[in-house]
$ cat data_6.txt   # compact mmCIF, C-alpha atoms
# COMPACT_ATOMS: atom_id res chain seq x y z
CA MET A 27 1.30 79.51 27.73
CA LEU A 28 0.16 80.26 24.20
CA PRO A 29 -3.45 79.51 23.15
CA LEU A 30 -2.74 76.39 21.06
CA GLU A 31 -0.05 74.74 23.19
CA GLY A 32 -0.79 71.01 23.44
CA ILE A 33 -2.37 70.84 19.97
CA LEU A 34 -0.54 68.55 17.51
CA VAL A 35 -0.81 69.43 13.81
CA VAL A 36 0.46 67.00 11.17
CA ALA A 37 0.97 68.64 7.79
CA LEU A 38 1.41 66.99 4.39
CA GLU A 39 2.11 70.34 2.81
CA GLN A 40 4.09 72.15 0.18
CA ALA A 41 4.34 75.52 -1.55
CA VAL A 42 2.34 78.32 0.16
CA ALA A 43 -1.34 77.78 1.06
CA ALA A 44 -1.08 74.97 3.63
CA PRO A 45 2.30 76.09 5.06
CA PHE A 46 0.83 79.58 5.56
CA ALA A 47 -2.11 78.10 7.51
CA THR A 48 0.02 75.83 9.68
CA ARG A 49 2.57 78.56 10.45
CA GLN A 50 -0.25 80.66 11.90
CA LEU A 51 -1.20 77.70 14.11
CA ALA A 52 2.45 77.20 15.10
CA ASP A 53 2.83 80.89 15.97
CA LEU A 54 -0.04 80.43 18.44
CA GLY A 55 1.72 77.52 20.13
CA ALA A 56 0.60 74.42 18.22
CA ARG A 57 3.22 71.74 17.57
CA VAL A 58 3.41 71.39 13.79
CA ILE A 59 5.14 68.36 12.28
CA LYS A 60 5.84 68.97 8.61
CA ILE A 61 6.17 65.88 6.41
CA GLU A 62 8.55 66.31 3.48
CA ARG A 63 9.83 64.19 0.63
CA PRO A 64 13.20 62.52 1.27
CA GLY A 65 15.98 64.24 -0.65
CA THR A 66 14.03 67.19 -2.05
CA GLY A 67 11.54 68.22 0.61
CA ASP A 68 8.89 70.88 0.11
CA PHE A 69 9.56 72.23 -3.39
CA ALA A 70 9.26 75.78 -2.03
CA ARG A 71 12.70 75.20 -0.47
CA LYS A 72 14.15 75.67 -3.96
CA TYR A 73 12.18 78.65 -5.27
CA ASP A 74 15.16 80.96 -4.83
CA GLU A 75 18.38 81.28 -2.80
CA THR A 76 18.06 84.85 -1.53
CA VAL A 77 18.04 84.27 2.26
CA HIS A 78 21.46 82.96 3.30
CA GLY A 79 21.26 80.60 0.32
CA GLN A 80 17.68 79.57 1.13
CA SER A 81 14.26 80.30 -0.34
CA SER A 82 12.50 83.48 0.79
CA HIS A 83 9.13 81.72 0.49
CA PHE A 84 10.23 78.80 2.69
CA ILE A 85 11.77 81.00 5.38
CA TRP A 86 8.59 83.10 5.49
CA LEU A 87 6.27 80.10 5.91
CA ASN A 88 8.02 77.52 8.05
CA ARG A 89 9.29 78.81 11.39
CA ASN A 90 8.11 77.05 14.55
CA LYS A 91 7.83 73.68 12.77
CA GLU A 92 9.50 70.28 12.94
CA SER A 93 10.52 68.50 9.73
CA ILE A 94 10.42 64.76 9.16
CA THR A 95 11.15 63.13 5.81
CA LEU A 96 8.86 60.29 4.75
CA ASP A 97 8.23 58.43 1.52
CA ILE A 98 4.51 58.00 2.14
CA LYS A 99 4.29 55.28 -0.53
CA ASP A 100 6.83 53.14 1.35
CA PRO A 101 5.12 50.75 3.83
CA LYS A 102 7.63 51.44 6.62
CA ASP A 103 7.32 55.21 6.25
CA ARG A 104 3.58 54.90 5.91
CA GLU A 105 3.61 53.27 9.36
CA VAL A 106 5.17 56.46 10.72
CA LEU A 107 2.56 58.64 9.02
CA ASP A 108 -0.27 56.49 10.42
CA ALA A 109 1.21 56.71 13.91
CA LEU A 110 1.46 60.50 13.67
CA ILE A 111 -2.14 60.88 12.50
CA ALA A 112 -3.30 58.61 15.32
CA LYS A 113 -1.83 61.14 17.79
CA ALA A 114 -2.77 64.30 15.89
CA ASP A 115 -5.45 66.83 16.70
CA VAL A 116 -5.31 68.37 13.22
CA PHE A 117 -4.24 67.05 9.81
CA VAL A 118 -3.66 69.62 7.04
CA GLN A 119 -2.86 68.73 3.44
CA ASN A 120 -2.60 70.43 0.06
CA LEU A 121 -1.21 67.65 -2.11
CA ALA A 122 -2.17 67.17 -5.76
CA PRO A 123 -5.86 66.36 -6.40
CA GLY A 124 -6.69 62.82 -5.29
CA ALA A 125 -3.28 62.09 -3.72
CA VAL A 126 -4.53 61.77 -0.14
CA ASP A 127 -7.59 59.74 -1.17
CA ARG A 128 -5.30 57.24 -2.85
CA LEU A 129 -3.36 56.84 0.39
CA GLY A 130 -6.45 55.62 2.22
CA LEU A 131 -5.47 57.22 5.51
CA THR A 132 -7.15 56.01 8.68
CA THR A 133 -8.47 58.85 10.82
CA HIS A 134 -9.99 58.98 14.29
CA GLU A 135 -13.10 60.55 15.78
CA ARG A 136 -11.44 63.63 17.30
CA LEU A 137 -9.25 64.43 14.29
CA ILE A 138 -9.81 67.68 12.39
CA VAL A 139 -8.92 67.33 8.70
CA ALA A 140 -8.31 70.40 6.53
CA ASN A 141 -8.07 69.74 2.79
CA ILE A 142 -6.78 72.62 0.65
CA SER A 143 -7.12 72.41 -3.14
CA GLY A 144 -7.25 74.68 -6.12
CA TYR A 145 -10.85 74.20 -7.21
CA GLY A 146 -12.56 71.97 -4.66
CA PRO A 147 -13.24 68.22 -4.29
CA ASP A 148 -15.79 67.94 -7.10
CA GLY A 149 -16.93 69.64 -10.29
CA PRO A 150 -15.27 69.77 -13.73
CA TYR A 151 -12.09 71.44 -12.36
CA GLN A 152 -11.56 69.08 -9.41
CA ASP A 153 -8.51 67.39 -10.99
CA LYS A 154 -7.06 70.53 -12.55
CA LYS A 155 -3.68 71.66 -11.26
CA ALA A 156 -3.77 75.04 -9.59
CA TYR A 157 -1.05 77.54 -8.77
CA ASP A 158 -1.50 81.04 -7.42
CA LEU A 159 -1.27 82.96 -10.71
CA LEU A 160 -3.65 80.55 -12.42
CA VAL A 161 -6.27 80.87 -9.70
CA GLN A 162 -5.89 84.67 -9.79
CA CYS A 163 -6.78 84.37 -13.49
CA GLU A 164 -9.76 82.07 -12.92
CA ALA A 165 -11.13 84.25 -10.11
CA GLY A 166 -11.00 87.35 -12.29
CA VAL A 167 -8.41 89.09 -10.13
CA VAL A 168 -5.89 89.53 -12.96
CA SER A 169 -8.60 91.26 -15.00
CA LEU A 170 -9.01 93.76 -12.15
CA THR A 171 -5.34 94.47 -11.49
CA GLY A 172 -2.91 96.62 -13.43
CA THR A 173 -3.41 99.61 -15.71
CA PRO A 174 -6.08 100.28 -18.35
CA GLY A 175 -3.62 99.08 -20.98
CA GLU A 176 -2.24 95.97 -19.28
CA PRO A 177 -3.57 93.48 -16.71
CA ALA A 178 -1.28 92.23 -13.95
CA LYS A 179 -1.25 89.68 -11.19
CA ALA A 180 -1.11 90.80 -7.58
CA GLY A 181 2.45 91.26 -6.30
CA ILE A 182 1.98 88.67 -3.53
CA PRO A 183 0.38 85.18 -3.78
CA VAL A 184 -3.11 86.29 -2.80
CA ALA A 185 -4.89 83.08 -3.84
CA ASP A 186 -2.56 80.98 -1.70
CA ILE A 187 -2.78 83.39 1.22
CA ALA A 188 -6.58 83.57 1.02
CA ALA A 189 -6.88 79.76 1.08
CA GLY A 190 -4.37 79.53 3.91
CA MET A 191 -6.22 82.07 6.01
CA TYR A 192 -9.56 80.29 5.57
CA ALA A 193 -7.92 76.95 6.42
CA TYR A 194 -6.43 78.56 9.55
CA SER A 195 -9.77 80.03 10.67
CA GLY A 196 -11.48 76.75 9.77
CA VAL A 197 -9.14 74.81 12.06
CA LEU A 198 -9.74 77.28 14.90
CA SER A 199 -13.52 77.01 14.55
CA ALA A 200 -13.30 73.19 14.34
CA LEU A 201 -11.21 73.08 17.52
CA TYR A 202 -13.85 75.19 19.26
CA GLU A 203 -16.62 72.90 17.97
CA ARG A 204 -14.70 69.86 19.21
CA GLU A 205 -14.60 71.35 22.70
CA ARG A 206 -18.41 71.26 22.71
CA THR A 207 -19.06 67.98 20.86
CA GLY A 208 -15.93 65.91 21.47
CA LYS A 209 -15.77 65.17 17.76
CA GLY A 210 -13.51 66.33 14.97
CA THR A 211 -14.59 67.27 11.46
CA THR A 212 -13.37 67.39 7.88
CA PHE A 213 -13.56 70.53 5.78
CA ASP A 214 -12.39 71.68 2.36
CA VAL A 215 -10.98 75.02 1.29
CA ALA A 216 -10.65 75.79 -2.42
CA MET A 217 -8.31 78.55 -3.55
CA LEU A 218 -10.91 79.64 -6.13
CA ASP A 219 -13.60 80.00 -3.45
CA ALA A 220 -11.28 81.83 -1.07
CA LEU A 221 -10.02 84.36 -3.58
CA GLY A 222 -13.52 84.72 -5.02
CA GLU A 223 -14.72 85.77 -1.56
CA TRP A 224 -12.01 88.43 -1.47
CA ALA A 225 -13.18 89.67 -4.87
CA GLY A 226 -16.73 90.22 -3.63
CA PHE A 227 -17.02 93.94 -4.33
CA PRO A 228 -15.97 93.76 -8.01
CA TYR A 229 -18.25 90.74 -8.49
CA TYR A 230 -21.29 92.72 -7.31
CA PHE A 231 -20.10 95.82 -9.13
CA ALA A 232 -19.96 93.94 -12.45
CA LYS A 233 -22.98 91.64 -12.05
CA TYR A 234 -25.43 94.32 -10.97
CA GLY A 235 -23.78 97.46 -12.32
CA GLY A 236 -23.53 96.12 -15.85
CA THR A 237 -19.85 96.98 -16.41
CA GLU A 238 -16.54 95.51 -15.30
CA PRO A 239 -14.62 97.60 -12.74
CA PRO A 240 -11.95 99.46 -14.72
CA ARG A 241 -8.31 98.64 -14.07
CA ALA A 242 -7.12 101.76 -12.29
CA GLY A 243 -3.45 101.15 -11.49
CA ALA A 244 -2.87 102.41 -7.95
CA LYS A 245 -6.24 104.18 -7.89
CA HIS A 246 -9.63 102.76 -6.90
CA ALA A 247 -12.28 101.68 -9.37
CA ALA A 248 -15.19 102.88 -7.19
CA ILE A 249 -13.83 105.58 -4.84
CA SER A 250 -12.38 109.03 -5.59
CA PRO A 251 -10.12 110.69 -4.62
CA TYR A 252 -8.24 107.53 -3.72
CA GLY A 253 -4.70 106.96 -4.94
CA PRO A 254 -1.44 108.75 -5.80
CA TYR A 255 -1.30 112.52 -6.34
CA ARG A 256 1.80 114.49 -7.33
CA THR A 257 3.23 117.17 -5.08
CA ALA A 258 6.12 119.62 -5.58
CA ASP A 259 8.73 116.95 -4.76
CA GLY A 260 7.06 113.56 -5.09
CA THR A 261 3.80 111.73 -4.59
CA VAL A 262 1.34 111.37 -1.73
CA PHE A 263 -1.38 108.72 -1.59
CA ILE A 264 -4.73 110.05 -0.39
CA GLY A 265 -7.81 108.09 0.63
CA VAL A 266 -11.18 109.85 1.00
CA GLN A 267 -14.01 107.59 2.18
CA ASN A 268 -17.02 109.91 2.48
CA ASP A 269 -18.39 113.35 1.67
CA ARG A 270 -17.42 114.76 5.08
CA GLU A 271 -13.77 113.88 4.43
CA TRP A 272 -14.08 115.31 0.91
CA ARG A 273 -15.21 118.65 2.31
CA ALA A 274 -12.36 118.64 4.85
CA LEU A 275 -9.85 117.92 2.07
CA CYS A 276 -11.14 120.82 -0.02
CA GLU A 277 -11.25 123.33 2.83
CA SER A 278 -8.23 122.42 4.98
CA VAL A 279 -5.74 120.90 2.56
CA LEU A 280 -6.43 122.17 -0.94
CA GLY A 281 -7.65 125.63 0.02
CA ARG A 282 -10.48 125.18 -2.48
CA ALA A 283 -13.73 125.17 -0.50
CA ASP A 284 -15.60 125.77 -3.77
CA LEU A 285 -14.77 122.27 -5.00
CA ALA A 286 -16.73 120.68 -2.15
CA THR A 287 -20.04 121.90 -3.61
CA ASP A 288 -19.11 121.65 -7.29
CA ALA A 289 -21.76 119.42 -8.89
CA ARG A 290 -19.04 117.37 -10.63
CA PHE A 291 -17.56 116.35 -7.26
CA ALA A 292 -20.37 116.65 -4.70
CA THR A 293 -20.81 112.85 -4.29
CA ASN A 294 -18.47 109.90 -4.58
CA THR A 295 -20.28 108.63 -7.67
CA ALA A 296 -19.84 112.03 -9.31
CA ARG A 297 -16.19 112.18 -8.31
CA VAL A 298 -15.51 108.75 -9.83
CA ALA A 299 -17.23 109.83 -13.07
CA HIS A 300 -15.03 112.96 -13.23
CA ASP A 301 -11.86 111.47 -11.75
CA ASP A 302 -9.55 112.78 -14.49
CA GLU A 303 -10.74 116.36 -13.94
CA LEU A 304 -10.54 115.93 -10.19
CA THR A 305 -7.00 114.56 -10.33
CA ALA A 306 -5.85 117.55 -12.40
CA LEU A 307 -7.38 120.00 -9.92
CA LEU A 308 -5.90 118.19 -6.90
CA GLU A 309 -2.42 118.07 -8.38
CA GLN A 310 -2.68 121.74 -9.38
CA ALA A 311 -3.49 122.64 -5.76
CA LEU A 312 -0.66 120.46 -4.40
CA ALA A 313 1.96 121.50 -6.94
CA GLY A 314 3.45 124.23 -4.76
CA ARG A 315 3.73 122.13 -1.61
CA SER A 316 6.22 119.49 -0.54
CA SER A 317 5.08 115.95 0.24
CA ALA A 318 5.94 116.49 3.91
CA GLU A 319 3.77 119.62 4.08
CA VAL A 320 0.88 117.85 2.31
CA GLU A 321 1.10 114.87 4.66
CA HIS A 322 1.06 117.21 7.68
CA ARG A 323 -1.99 119.05 6.37
CA LEU A 324 -3.76 115.76 5.64
CA ASP A 325 -3.02 114.40 9.12
CA THR A 326 -4.20 117.61 10.75
CA ALA A 327 -7.44 117.49 8.75
CA GLY A 328 -8.01 113.82 9.58
CA ILE A 329 -7.59 112.65 5.97
CA ALA A 330 -6.03 109.23 5.47
CA ASN A 331 -2.74 109.31 3.59
CA ALA A 332 0.43 107.33 2.98
CA ARG A 333 3.67 107.32 1.10
CA MET A 334 4.61 104.45 -1.21
CA ARG A 335 7.49 102.56 0.37
CA THR A 336 9.80 100.00 -1.14
CA MET A 337 10.28 96.71 0.69
CA ALA A 338 13.59 98.05 2.03
CA GLU A 339 11.77 101.10 3.38
CA PHE A 340 9.08 98.86 4.89
CA ALA A 341 11.85 96.97 6.72
CA ALA A 342 12.88 100.27 8.33
CA HIS A 343 9.33 101.50 8.95
CA PRO A 344 9.31 103.83 11.98
CA GLN A 345 5.96 102.50 13.25
CA LEU A 346 7.19 98.89 13.31
CA GLU A 347 10.45 99.94 14.93
CA ALA A 348 8.69 101.98 17.60
CA ARG A 349 6.42 99.05 18.46
CA ARG A 350 9.34 96.59 18.45
CA ARG A 351 7.66 94.35 15.88
CA TRP A 352 10.86 92.67 14.64
CA ALA A 353 12.72 89.71 16.13
CA ASP A 354 15.50 87.33 15.12
CA VAL A 355 14.63 83.80 13.99
CA GLY A 356 17.09 81.00 13.31
CA THR A 357 17.32 79.22 9.96
CA PRO A 358 19.69 76.53 8.65
CA GLY A 359 21.70 79.28 6.95
CA GLY A 360 21.79 81.82 9.76
CA GLU A 361 19.52 84.21 11.63
CA VAL A 362 16.94 86.37 9.86
CA THR A 363 14.89 89.30 11.07
CA ALA A 364 11.20 88.33 11.09
CA LEU A 365 8.03 90.31 11.64
CA LEU A 366 6.31 89.18 14.82
CA PRO A 367 2.95 87.37 14.48
CA PRO A 368 0.06 89.77 13.79
CA VAL A 369 -1.96 88.17 16.61
CA ASP A 370 -0.25 89.76 19.60
CA VAL A 371 -1.29 87.75 22.66
CA HIS A 372 -0.86 90.31 25.44
CA GLY A 373 1.47 89.34 28.23
CA ARG A 374 2.83 86.28 26.44
CA LEU A 375 6.04 86.13 24.45
CA PRO A 376 5.59 84.99 20.83
CA ARG A 377 6.95 81.65 19.76
CA LEU A 378 9.91 82.06 17.42
CA ASP A 379 11.51 78.64 17.00
CA PRO A 380 13.88 78.19 14.03
CA VAL A 381 12.97 77.25 10.48
CA PRO A 382 13.86 73.53 10.25
CA ASP A 383 16.41 71.96 7.98
CA LEU A 384 15.08 69.16 5.78
CA GLY A 385 14.40 66.12 7.97
CA GLU A 386 15.98 67.77 11.00
CA HIS A 387 13.57 66.12 13.44
CA SER A 388 13.15 62.74 11.72
CA ALA A 389 15.15 60.69 14.24
CA ALA A 390 13.60 62.37 17.28
CA ILE A 391 10.04 61.94 16.03
CA ARG A 392 10.60 58.29 15.14
CA ALA A 393 12.07 57.67 18.57
CA GLU A 394 9.10 59.39 20.18
CA LEU A 395 6.78 57.05 18.28
CA GLY A 396 8.89 53.99 19.15
CA LEU A 397 9.57 53.32 15.46
CA PRO A 398 12.95 52.55 13.85
CA GLU A 399 15.09 55.24 12.25
CA ASP A 400 15.32 55.74 8.48
CA ARG A 401 16.85 52.84 6.66
$ encode --input "data_6.txt" --output "structure tokens"
Amino acid sequence: MLPLEGILVVALEQAVAAPFATRQLADLGARVIKIERPGTGDFARKYDETVHGQSSHFIWLNRNKESITLDIKDPKDREVLDALIAKADVFVQNLAPGAVDRLGLTTHERLIVANISGYGPDGPYQDKKAYDLLVQCEAGVVSLTGTPGEPAKAGIPVADIAAGMYAYSGVLSALYERERTGKGTTFDVAMLDALGEWAGFPYYFAKYGGTEPPRAGAKHAAISPYGPYRTADGTVFIGVQNDREWRALCESVLGRADLATDARFATNTARVAHDDELTALLEQALAGRSSAEVEHRLDTAGIANARMRTMAEFAAHPQLEARRRWADVGTPGGEVTALLPPVDVHGRLPRLDPVPDLGEHSAAIRAELGLPEDR
């Protein structure tokens, strides 16, 4: 039995943030009923057609769920929604600002309600539309990402994911609180707040350091050496976190023990200030060695390192293969290979039910509620 078996989650959701949260709950055993628009469904279904003719976003976010189509403005369909919420333990929604308030939903004492929005339920931005890129801009993340010459957004929807993760943890904490009090609760998660929390270090760096963190490409604005360094046949990424590791790098990998005590590089702050000089010296020392040799030396010295992989190379990652972290999941277009849930509940098989087709469970759910089928 998985931890959340017996918990019913009703989700008025679309795009990424709320579906990401509810998929985590579903992976842990919760029954998630996803409410979609008749005809079109969650608009993330149409973002692309790369996965057996289906959207990569939708396949990623919607396994282990049931889909029912409802026009929530129609009185008959609204009756179905009300009946579902009356049975639900958790209600999650990320509709447009004010949409759920206009519905006037009736809740019950034990219900946990998670509202996900772009900017929160009040304030001058409360009615402003919010998508991932736009929130990345408002939270300052785009100003931090990219190269000195050009800002960039993060390569994955970090604002959506951040909000989804806080909604997920919020539901878990609310379920725990309900076990003690017998009562549900309502909470709000704003994408701006969530991503702002993730940007905590650059916020403090800028507010109290007096300068914005520089855009450093694949390097780090406040740690050195930390990033890509050229070898004889490619590039190795190195991460040094403290002065002890810096000394080990100089002595055991670079063969330059003198650099460890050089005043320009003796502390992390000094190394960041002289990063260009340090990079040139590191690459000079690594120029005669292959990437494989450098990685071996780094591992032996206990220095963190990595190679930059493409997504295709990630899919064939030897660590994931050795730990059997892939499994097949059904979709309306055919099976896909999915990464198993990060929360590995020992001794219990993960739940890997198929991604639902639009409205696939409508008739069954209506019958369960004792309500008539779609007209």
$ residues_around --input "data_6.txt" --residues "Asp288 in chain A" --least-positions-apart "2" --cutoff "12 Å" --atoms "all atoms listed in the file" --output "PyMOL selection string"
chain A and resi 272-273+276+282-286+290-293+296-297+300+303-304
$ closest_residue --input "data_6.txt" --among "A:Gly149, A:Asp100, A:Trp352, A:Leu38" --to "Phe340 in chain A" --atoms "only C-alpha atoms"
A:Trp352
$ residues_near_point --input "data_6.txt" --point "(-7.1, 79.9, -0.5)" --cutoff "8 Å" --atoms "all atoms listed in the file" --output "list of chain:residue names"
A:Ala43, A:Ile142, A:Ser143, A:Gly144, A:Val184, A:Ala185, A:Asp186, A:Ile187, A:Ala188, A:Ala189, A:Gly190, A:Met191, A:Tyr192, A:Ala193, A:Val215, A:Ala216, A:Met217, A:Leu218, A:Asp219, A:Ala220, A:Leu221
$ atom_distance --input "data_6.txt" --atom1 "CA of Arg315 in chain A" --atom2 "CA of Ala274 in chain A"
17.7 Å
$ atom_distance --input "data_6.txt" --atom1 "CA of Asn88 in chain A" --atom2 "CA of Pro382 in chain A"
7.4 Å
$ closest_residue --input "data_6.txt" --among "A:Leu307, A:Leu121, A:Ile111, A:Leu365" --to "Thr133 in chain A" --atoms "all atoms listed in the file"
A:Ile111
$ residues_around --input "data_6.txt" --residues "range 59-70 of chain A" --least-positions-apart "3" --cutoff "8 Å" --atoms "all atoms listed in the file" --output "PyMOL selection string"
chain A and resi 34-42+73+81+83-84+91-97+384-385
$ atom_distance --input "data_6.txt" --atom1 "CA of Gln345 in chain A" --atom2 "CA of Gly314 in chain A"
28.3 Å
$ closest_residue --input "data_6.txt" --among "A:Pro367, A:Phe263, A:Ile85, A:Leu275" --to "Lys72 in chain A" --atoms "all atoms listed in the file"
A:Ile85
$ residues_around --input "data_6.txt" --residues "Arg323 in chain A" --least-positions-apart "2" --cutoff "12 Å" --atoms "only C-alpha atoms" --output "ChimeraX atom specification"
/A:262,264,274-281,312,315-321,325-331
$ decode --input "data_6.txt" --residues "range 328-337 of chain A" --atoms "all heavy atoms" --output "PDB file, in the first residue's frame"
ATOM      1  N   GLY A 328      38.575  13.142  -4.614  1.00  0.00           N
ATOM      2  CA  GLY A 328      37.346  13.536  -3.917  1.00  0.00           C
ATOM      3  C   GLY A 328      36.811  14.891  -4.344  1.00  0.00           C
ATOM      4  O   GLY A 328      36.163  15.587  -3.551  1.00  0.00           O
ATOM      5  N   ILE A 329      37.076  15.262  -5.601  1.00  0.00           N
ATOM      6  CA  ILE A 329      36.597  16.549  -6.136  1.00  0.00           C
ATOM      7  C   ILE A 329      35.383  16.290  -7.010  1.00  0.00           C
ATOM      8  O   ILE A 329      35.430  15.466  -7.941  1.00  0.00           O
ATOM      9  CB  ILE A 329      37.694  17.248  -6.965  1.00  0.00           C
ATOM     10  CG1 ILE A 329      38.978  17.415  -6.148  1.00  0.00           C
ATOM     11  CG2 ILE A 329      37.188  18.599  -7.471  1.00  0.00           C
ATOM     12  CD1 ILE A 329      38.827  18.248  -4.919  1.00  0.00           C
ATOM     13  N   ALA A 330      34.294  16.994  -6.744  1.00  0.00           N
ATOM     14  CA  ALA A 330      33.069  16.811  -7.518  1.00  0.00           C
ATOM     15  C   ALA A 330      33.292  17.192  -8.976  1.00  0.00           C
ATOM     16  O   ALA A 330      33.930  18.210  -9.275  1.00  0.00           O
ATOM     17  CB  ALA A 330      31.947  17.655  -6.921  1.00  0.00           C
ATOM     18  N   ASN A 331      32.734  16.387  -9.872  1.00  0.00           N
ATOM     19  CA  ASN A 331      32.892  16.660 -11.298  1.00  0.00           C
ATOM     20  C   ASN A 331      31.758  16.023 -12.078  1.00  0.00           C
ATOM     21  O   ASN A 331      31.039  15.151 -11.557  1.00  0.00           O
ATOM     22  CB  ASN A 331      34.241  16.157 -11.800  1.00  0.00           C
ATOM     23  CG  ASN A 331      34.346  14.651 -11.742  1.00  0.00           C
ATOM     24  OD1 ASN A 331      34.023  13.938 -12.694  1.00  0.00           O
ATOM     25  ND2 ASN A 331      34.786  14.127 -10.588  1.00  0.00           N
ATOM     26  N   ALA A 332      31.602  16.446 -13.309  1.00  0.00           N
ATOM     27  CA  ALA A 332      30.552  15.904 -14.173  1.00  0.00           C
ATOM     28  C   ALA A 332      30.914  16.175 -15.620  1.00  0.00           C
ATOM     29  O   ALA A 332      31.761  17.014 -15.921  1.00  0.00           O
ATOM     30  CB  ALA A 332      29.200  16.533 -13.838  1.00  0.00           C
ATOM     31  N   ARG A 333      30.233  15.474 -16.490  1.00  0.00           N
ATOM     32  CA  ARG A 333      30.296  15.802 -17.915  1.00  0.00           C
ATOM     33  C   ARG A 333      28.932  16.342 -18.334  1.00  0.00           C
ATOM     34  O   ARG A 333      27.900  15.959 -17.767  1.00  0.00           O
ATOM     35  CB  ARG A 333      30.658  14.578 -18.746  1.00  0.00           C
ATOM     36  CG  ARG A 333      29.605  13.483 -18.768  1.00  0.00           C
ATOM     37  CD  ARG A 333      29.996  12.327 -19.665  1.00  0.00           C
ATOM     38  NE  ARG A 333      31.182  11.637 -19.162  1.00  0.00           N
ATOM     39  CZ  ARG A 333      31.687  10.544 -19.745  1.00  0.00           C
ATOM     40  NH1 ARG A 333      31.110  10.046 -20.827  1.00  0.00           N
ATOM     41  NH2 ARG A 333      32.755   9.963 -19.238  1.00  0.00           N
ATOM     42  N   MET A 334      28.906  17.250 -19.286  1.00  0.00           N
ATOM     43  CA  MET A 334      27.632  17.789 -19.766  1.00  0.00           C
ATOM     44  C   MET A 334      27.009  16.801 -20.740  1.00  0.00           C
ATOM     45  O   MET A 334      27.595  16.482 -21.777  1.00  0.00           O
ATOM     46  CB  MET A 334      27.820  19.147 -20.454  1.00  0.00           C
ATOM     47  CG  MET A 334      26.489  19.794 -20.830  1.00  0.00           C
ATOM     48  SD  MET A 334      26.668  21.421 -21.574  1.00  0.00           S
ATOM     49  CE  MET A 334      27.265  20.974 -23.213  1.00  0.00           C
ATOM     50  N   ARG A 335      25.842  16.308 -20.405  1.00  0.00           N
ATOM     51  CA  ARG A 335      25.152  15.336 -21.238  1.00  0.00           C
ATOM     52  C   ARG A 335      23.993  15.986 -21.966  1.00  0.00           C
ATOM     53  O   ARG A 335      23.346  16.901 -21.448  1.00  0.00           O
ATOM     54  CB  ARG A 335      24.621  14.174 -20.387  1.00  0.00           C
ATOM     55  CG  ARG A 335      25.723  13.386 -19.692  1.00  0.00           C
ATOM     56  CD  ARG A 335      25.148  12.292 -18.806  1.00  0.00           C
ATOM     57  NE  ARG A 335      26.206  11.665 -18.011  1.00  0.00           N
ATOM     58  CZ  ARG A 335      26.869  10.577 -18.383  1.00  0.00           C
ATOM     59  NH1 ARG A 335      26.587   9.986 -19.532  1.00  0.00           N
ATOM     60  NH2 ARG A 335      27.819  10.077 -17.607  1.00  0.00           N
ATOM     61  N   THR A 336      23.707  15.506 -23.139  1.00  0.00           N
ATOM     62  CA  THR A 336      22.484  15.881 -23.834  1.00  0.00           C
ATOM     63  C   THR A 336      21.318  15.121 -23.204  1.00  0.00           C
ATOM     64  O   THR A 336      21.513  14.200 -22.392  1.00  0.00           O
ATOM     65  CB  THR A 336      22.568  15.521 -25.320  1.00  0.00           C
ATOM     66  OG1 THR A 336      22.655  14.073 -25.434  1.00  0.00           O
ATOM     67  CG2 THR A 336      23.788  16.157 -25.972  1.00  0.00           C
ATOM     68  N   MET A 337      20.086  15.465 -23.591  1.00  0.00           N
ATOM     69  CA  MET A 337      18.948  14.723 -23.065  1.00  0.00           C
ATOM     70  C   MET A 337      18.983  13.268 -23.529  1.00  0.00           C
ATOM     71  O   MET A 337      18.594  12.361 -22.785  1.00  0.00           O
ATOM     72  CB  MET A 337      17.638  15.384 -23.484  1.00  0.00           C
ATOM     73  CG  MET A 337      17.404  16.748 -22.830  1.00  0.00           C
ATOM     74  SD  MET A 337      17.641  16.771 -21.026  1.00  0.00           S
ATOM     75  CE  MET A 337      16.442  15.564 -20.474  1.00  0.00           C
TER      76      MET A 337
END
